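Inspection log for the structure reproduced underneath, given as structure tokens.
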Amino acid sequence: MILNIFGWLLIHVSMSYFCFKIPISFFEKDYWWSKIRSLEYRGRVYKRVFKINKWKGNVPDGGGLFKEGFAKKNLRSSDSKYLKTFLYETKRAELTHWLIIIPVPIFFLWNMWWVGIIMIAYAIIVNIPCILLQRYNRARLSLLI
């Protein structure tokens, strides 16, 4: 159990730090994973299907984890430069959460198979809401910009 806790802590912190160090210019481009699709238009799918407005306030903001991080809990300005930075930071956060999910198979190395399944469930339950929230915010920010 202690190995699982430290494993997740190491994965969360290392992936967060790795993505934090990626230059913001990388996120100025739309990639296949970050592009807003037509069904996401204006974030409606997130409101209707995922009821995001009911739970989004409960999701912690990891933007302040590092000294020069970007907090995304609240919109603090309507300035176009700030809005673009916010949009790029949603891509950074989304990439971070996708990357946190990827190493989950390593937990099968030292756990029984059913614990590995629990680790997969944990990875999905913890990260998918954050990914959905970043995509919702990005769809809405795109309209403002």
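Following the order of the structure tokens, chains are lettered A, B, ..., residues in each are numbered from 1, and ligands are numbered from 1.
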
Do a neighbour search on stretch 76-87 of chain A at 10 Å with only C-alpha atoms, toss out local chain neighbours closer than 5 positions, and write the hits as a count of residues only.
17

Neighbour list for A:Thr96 as JSON, numbers by chain, cut-off 10 Å, only C-alpha atoms, skip fewer than 2 positions in-chain
{"A": [12, 13, 14, 15, 16, 17, 18, 19, 20, 90, 91, 92, 93, 94, 98, 99, 100, 101, 127, 130, 131]}

Find the spatial neighbours of stretch 110-123 of chain A, counting only C-alpha atoms, within a cut-off of 10 Å - ignore same-chain residues fewer than 4 positions away - and output them as a VMD selection string.
chain A and resid 1 3 to 4 8 97 to 98 100 to 106 127 to 128

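Nearest residue to A:Phe26 among A:Leu75, A:Gly62, A:Tyr88, A:Leu133 is A:Tyr88, counting only C-alpha atoms.
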